[in-house]
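Following: one structure in structure tokens, then a few remarks.
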Amino acid sequence: MDHELKHTCLHDEHVALGAKMSPFAGFDMPIQYSGIIDEHNAVRTAAGMFDVSHMGEIFIDGPDAETFVNHIFTNDVRGLGPGHILYGMMCCPDGGVVDDLLVYKEFESGFLLVVNAANIEKDYKWMLDNADGYQVEIFNDSESWGQIALQGPQSEDALVRYFGIEELRELEFYTFYDLEDEDGGRIIVSRTGYTGEDGFEIYAAPANIKDMWEALLEDGIKPCGLGCRDTLRFEAGLPLYGDELSPEISPVMAGLSMFCKLDKPEFIGKDALVEQKANGVARKLVGIELKDNAIPRAGYPVELEDETPVGVVTTGYHSISLDKSICFALVDSAYSALGTPLFIRIRKRVFPGEVVKKRFYKTNYKK
Amino acid sequence: MSKIIEGLLYSESHEWVKLEDGIAVIGVTDFAQAEMGDITYVDLPSEGDEVAAGEEFGALESVKASSELYSPVSGEIVEVNSELEAAPEKVNEDAYGAWIIKVKISDESELDALLDAAGYSAIAK
């Protein structure tokens with residue numbers, strides 16, 4: 001099996017650090033180093049760094065770049081200033097989700113689309129297949145880029161120490177700067193992340209990413225694995241493609257309509273999403289808080305008190321930052337209102353809970 | 001290397017058994033706790049429940065996953081370690097100290113199916 005897994009440019013570092021490795025999206029990735037709880041808390045209280053080099057970078061340029069991106073993307077890039085970033089989805093005509101992604105508006109021309117590792121090939125093909133009639137160049141450059149996510153309240157200080165550039169403090173949430181390495185290579189620094197904390201994502205050539213990883217390690221930044229990446233994003237109410245968004249779970253069902261600009265002239269999936277928004281959807285994603293410490297896991301049934309099944313858990317944990325058992329679940333819309341009592345079947349027993357807001361943890365973005 | 005203690009019996013599902021006057025004191029091995037990582041919840045049965053050998057009696061939950069617990073012997077659960085409800089991390093800290101249940105053994109012959117320390121060390125990797 002192992003020989004089929006891809007390695008990121010930091011793979012040797014993970015192995016040397018003794019990380020617990022596991023296959024993820026076709027890559028052999030670190031799940032944890034010192035432990036999920038320790039790493040999670042480091043990001044909430046200090047700073048941690050993640051190897052996210054597996055993510056995909058697809059560049060779109062050409063005369064029709066803006067209209068094409070707006071054709072495949074649910075958010076609206078018209079009027080997006082250079083150096084600014086938008087979150088949104090690519091949808092199928094039926095409103096199901098191809099992927100969720102970030103769109104970076106480049107300084108010169110065109111866009112950078114950052115997509116989920118598991119979906120790189122699918123997304124690239126989706127873009128090509130939907131580019132008929134548009135004058136665009138679509139370039140999947142994922143192999144050329146490494147990426148580190150530096151996250152947590154102390155990440156700004158660590159970033160400035162590493163680059164020696166005070167101006168990086170001025171970077172606003174969901175914006176980016178272009179830097180140059182000594183050889184003229186491009187480094188992208190954006191104030192983005194997937195943890196609910198202030199933080200940055202740094203894209204550069206693999207050799208640069210290795211240097212940066214080693215320097216940050218030397219500086220005392222804790223290496224963090226995909227284990228706590230999931231607990232952190234979950235507490236912050238952020239969806240994971242495959243769990244909370246999928247070809248079967250539309251942005252409207254997931255409560256992410258704010259990232260779908262239904263007043264745009266057109267985009268793939270618009271008609272379906274407009275219809276869903278107007279007439280309602282059968283199932284909605286909710287947050288559920290349990291009154292017990294038993295842990296709801298993906299796939300566990302959600303029921304009413306009389307044991308009628310009304311949904312299924314998509315992600316659940318005993319929250320590390322909040323010390324309570326919480327989950328996302330996809331439930332019949334009739335039972336999605338805040339405060340609705342719902343029950344989760346965990347092994348042989350049923351545990352009571354209630355619908356709560358999906359953003360379980362108060363995020364600390366620097367706006 | 002995970003710790004394996006001489007004199008205990010072991011199941012292939014990574015529980016250990018310590019015999020005390022017809023009572024089986026049952027926990028999970030150091031290997032099992034290390035594989036699971038930070039344990040955050042122990043789902044305990046009730047005292048007085050009957051279990052059969054090989055039957056699920058509870059579960060350990062780490063941050064990432066849940067792992068069912070299987071009784072190595074049949075009998076009545078005479079005591080559960082309720083201290084673990086508030087302090088599940090004790091299983092990580094001392095897997096052989098943090099017993100989970102005590103079972104009054106109803107069929108001593110079932111012990112023959114369990115492994116000794118040498119036998120368990122062959123599968124705990």
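In the structure tokens, chains take the letters A, B, ... in the order shown, each chain's residues start at 1, and ligands count up from 1 in the order shown.
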
Exercise. Near Ala42 of chain A, within 8 Å and counting only C-alpha atoms, which residues show up once chain neighbours fewer than 6 positions away are dropped, as JSON, numbers by chain?
Worked result: {"A": [48, 152, 222]}

Store the residues of this selection in a file with C-alpha atoms, as a PDB file, in the first residue's frame.
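Final file, part.pdb:
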ATOM      1  CA  GLY A  48       1.168  25.592  15.974  1.00  0.00           C
ATOM      2  CA  GLY A 152      -2.723  30.565  16.811  1.00  0.00           C
ATOM      3  CA  LYS A 222       4.670  23.132  17.852  1.00  0.00           C
TER       4      LYS A 222
END

For this session: Select all residues from chain A having any atom no more than 7 Å from an atom of chain B (counting only C-alpha atoms, ignoring ligands), output as a ChimeraX atom specification.
Result: /A:35,293-294,317-318

Problem set entry | Residues within 9 Å of segment 280-291 of chain A, only C-alpha atoms, excluding chain neighbours under 4 positions, as a ChimeraX atom specification | /A:237,244,249,252-255,275-276,295-296,311,314,324-338,341-344,351-360

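By chain and then residue number, the residues within 10 Å of Lys3 of chain B are Thr29, Asp30, Phe31, Ala95, Tyr96, Ser121 and Ala124 of chain B, counting only C-alpha atoms and disregarding those fewer than 5 positions away in sequence.
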
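If only C-alpha atoms are the atoms counted, then among A:Leu226, A:Leu217, A:Leu322, A:Ile60 the closest residue to Ala19 of chain A is A:Leu226.
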